[in-house]
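S.K.: Sharing a structure with you now.
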Amino acid sequence: HQAAELYLVCMVMGGVFERHPNLRLGILEYGTMWVGPCVERMDSWVDFMAKVGNTYSMKPSETMRRNVRVGPFWHENIAQAIDRYGMPEIYTFSTDYPHLEGSKDPIGRFRKKIAPLGPEYEQKFFIENAKLLFPHLT
C-alpha cells in the first residue's frame with residue numbers, strides 16, 4: 001500500500017483536490033487498513049500547518065469523503081476501521097474474483113464484515129459509495 005499511500009498524500013497535501021474539486025480517485029487492490037491512520041496523520045499535519053500560517057480549505061478527512069473511494073479486501077475489518085476513523089462513505093465494494101483475494105463469495109463475505117454497521121450501510125457500501133467513481137451511472 002505504500003505507493004498508493006504516498007500518491008494519495010501527495011495529491012491531498014499538494015492541493016490537487018482543492019484545485020480540481022470534481023476529480024475523483026479510486027484506490028483498489030491495496031486494501032484499506034492503512035487509510036485511517038494515513039488520513040489521521042494528514043489531518044494532524046494540516047492542523048499544525050495552520051499554526052504557522054499555511055492553511056487548507058478542507059481537512060484531508062473532508063477531502064477524502066468528497067473525492068476518494070477505497071476498496072477493501074474481504075478479510076479486512078471495515079466496521080472496526082469506520083468505528084476508529086469514521087469516513088464510512090469512502091469504503092466501497094470491489095472484488096478480484098476469482099482470485100484468492102477476491103474470495104469465492106465476495107458479496108457474502110463483505111455482508112458479514114459490514115453487518116455490525118447496520119442494514120442501511122449495505123446499500124451504501126455496495127452501491128451508493130461507488131457512485132462517486134461512476135457518475136454516469138447515477
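The way I read the labels, and the way they are meant: chains A, B, ... in the order of the C-alpha cells, residue 1 as the first residue of every chain, and ligand 1 as the first ligand shown, with later ones counted on from there.
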Give me every strand (DSSP E or B) residue in region 22-79 of chain A, going by DSSP on the backbone, as number ranges by chain.
M.R.: A: 25-27, 68-70
S.K.: Any chance you can output those residues with N, CA and C atoms as a short mmCIF file (atom, residue, chain, number, x, y, z; two decimals), in the first residue's frame?
M.R.:
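And here's result20.cif as it stands now:
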```cif
data_model
loop_
_atom_site.label_atom_id
_atom_site.label_comp_id
_atom_site.auth_asym_id
_atom_site.auth_seq_id
_atom_site.Cartn_x
_atom_site.Cartn_y
_atom_site.Cartn_z
N LEU A 25 -10.84 9.86 -7.18
CA LEU A 25 -9.77 8.87 -7.11
C LEU A 25 -10.30 7.60 -6.47
N GLY A 26 -10.12 6.48 -7.14
CA GLY A 26 -10.45 5.17 -6.59
C GLY A 26 -9.16 4.42 -6.32
N ILE A 27 -9.01 3.90 -5.12
CA ILE A 27 -7.83 3.13 -4.76
C ILE A 27 -8.28 1.70 -4.50
N VAL A 68 -12.53 10.65 -2.73
CA VAL A 68 -11.78 9.39 -2.77
C VAL A 68 -12.66 8.22 -2.32
N ARG A 69 -12.49 7.09 -2.99
CA ARG A 69 -13.12 5.83 -2.59
C ARG A 69 -12.05 4.76 -2.57
N VAL A 70 -12.15 3.86 -1.58
CA VAL A 70 -11.19 2.77 -1.45
C VAL A 70 -11.92 1.44 -1.38
#
```
S.K.: Out of A:Ala130, A:Ala79, A:Met87, A:Leu28, which residue has the shortest atom-to-atom distance to Lys113 (chain A) when counting only C-alpha atoms?
M.R.: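 Checking each of A:Ala130, A:Ala79, A:Met87, A:Leu28 against Lys113 (chain A), counting only C-alpha atoms, the winner is A:Ala79.
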S.K.: Neighbouring residues of Pro106 (chain A) were defined as those with any atom within 8 Å, considering only C-alpha atoms; residues of the same chain fewer than 4 positions away were excluded. Please report them as a list in words.
M.R.: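 What passes the distance filter is Trp74, Thr95, Tyr97, Gly102 and Phe110 of chain A.
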S.K.: Take the residues from that selection and write them out as a PDB file, in the first residue's frame, keeping all heavy atoms.
M.R.:
```
ATOM      1  N   TRP A  74     -11.704  -8.531   1.316  1.00  0.00           N
ATOM      2  CA  TRP A  74     -12.824  -9.141   2.038  1.00  0.00           C
ATOM      3  C   TRP A  74     -12.471  -9.530   3.465  1.00  0.00           C
ATOM      4  O   TRP A  74     -13.336  -9.625   4.321  1.00  0.00           O
ATOM      5  CB  TRP A  74     -13.380 -10.346   1.284  1.00  0.00           C
ATOM      6  CG  TRP A  74     -12.407 -11.477   1.113  1.00  0.00           C
ATOM      7  CD1 TRP A  74     -11.604 -11.705   0.030  1.00  0.00           C
ATOM      8  CD2 TRP A  74     -12.133 -12.527   2.038  1.00  0.00           C
ATOM      9  NE1 TRP A  74     -10.844 -12.825   0.230  1.00  0.00           N
ATOM     10  CE2 TRP A  74     -11.149 -13.346   1.468  1.00  0.00           C
ATOM     11  CE3 TRP A  74     -12.614 -12.856   3.302  1.00  0.00           C
ATOM     12  CZ2 TRP A  74     -10.637 -14.477   2.092  1.00  0.00           C
ATOM     13  CZ3 TRP A  74     -12.107 -13.967   3.941  1.00  0.00           C
ATOM     14  CH2 TRP A  74     -11.125 -14.769   3.331  1.00  0.00           C
ATOM     15  N   THR A  95     -13.933  -6.297  -5.955  1.00  0.00           N
ATOM     16  CA  THR A  95     -13.508  -7.683  -5.800  1.00  0.00           C
ATOM     17  C   THR A  95     -12.543  -8.054  -6.916  1.00  0.00           C
ATOM     18  O   THR A  95     -12.546  -7.448  -7.987  1.00  0.00           O
ATOM     19  CB  THR A  95     -14.709  -8.648  -5.803  1.00  0.00           C
ATOM     20  OG1 THR A  95     -14.223  -9.982  -5.584  1.00  0.00           O
ATOM     21  CG2 THR A  95     -15.480  -8.580  -7.093  1.00  0.00           C
ATOM     22  N   TYR A  97     -12.459 -11.322  -7.749  1.00  0.00           N
ATOM     23  CA  TYR A  97     -12.951 -12.671  -8.003  1.00  0.00           C
ATOM     24  C   TYR A  97     -12.539 -13.085  -9.413  1.00  0.00           C
ATOM     25  O   TYR A  97     -12.613 -12.270 -10.316  1.00  0.00           O
ATOM     26  CB  TYR A  97     -14.479 -12.698  -7.866  1.00  0.00           C
ATOM     27  CG  TYR A  97     -15.101 -14.022  -8.229  1.00  0.00           C
ATOM     28  CD1 TYR A  97     -15.174 -15.031  -7.298  1.00  0.00           C
ATOM     29  CD2 TYR A  97     -15.586 -14.237  -9.511  1.00  0.00           C
ATOM     30  CE1 TYR A  97     -15.736 -16.250  -7.629  1.00  0.00           C
ATOM     31  CE2 TYR A  97     -16.145 -15.461  -9.854  1.00  0.00           C
ATOM     32  CZ  TYR A  97     -16.214 -16.461  -8.906  1.00  0.00           C
ATOM     33  OH  TYR A  97     -16.759 -17.658  -9.249  1.00  0.00           O
ATOM     34  N   GLY A 102     -10.062 -12.179  -3.912  1.00  0.00           N
ATOM     35  CA  GLY A 102     -11.446 -11.873  -4.250  1.00  0.00           C
ATOM     36  C   GLY A 102     -12.421 -12.772  -3.531  1.00  0.00           C
ATOM     37  O   GLY A 102     -13.585 -12.437  -3.380  1.00  0.00           O
ATOM     38  N   PHE A 110     -18.375  -9.838   2.371  1.00  0.00           N
ATOM     39  CA  PHE A 110     -18.471  -8.422   2.730  1.00  0.00           C
ATOM     40  C   PHE A 110     -19.723  -8.137   3.549  1.00  0.00           C
ATOM     41  O   PHE A 110     -19.701  -7.321   4.464  1.00  0.00           O
ATOM     42  CB  PHE A 110     -18.439  -7.527   1.487  1.00  0.00           C
ATOM     43  CG  PHE A 110     -17.048  -7.200   1.025  1.00  0.00           C
ATOM     44  CD1 PHE A 110     -16.630  -7.573  -0.238  1.00  0.00           C
ATOM     45  CD2 PHE A 110     -16.159  -6.513   1.830  1.00  0.00           C
ATOM     46  CE1 PHE A 110     -15.351  -7.264  -0.689  1.00  0.00           C
ATOM     47  CE2 PHE A 110     -14.880  -6.200   1.406  1.00  0.00           C
ATOM     48  CZ  PHE A 110     -14.472  -6.573   0.138  1.00  0.00           C
TER      49      PHE A 110
END
```
S.K.: For a quick check of understanding, using only C-alpha atoms, which of A:Asp47, A:Glu29, A:Glu89, A:Asp96 has the smallest distance to Gly71 (chain A)?
M.R.: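 Looking at the shortest contact to Gly71 (chain A), the residue is A:Glu29.
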S.K.: Can you tell me which residues surround region 36-45 of chain A at a distance of at most 9 Å, considering only C-alpha atoms, apart from same-chain residues fewer than 4 positions away, and format the answer as a PyMOL selection string?
M.R.: chain A and resi 5+9+12-13+32+49-50+59-61+64+81-82+84-87
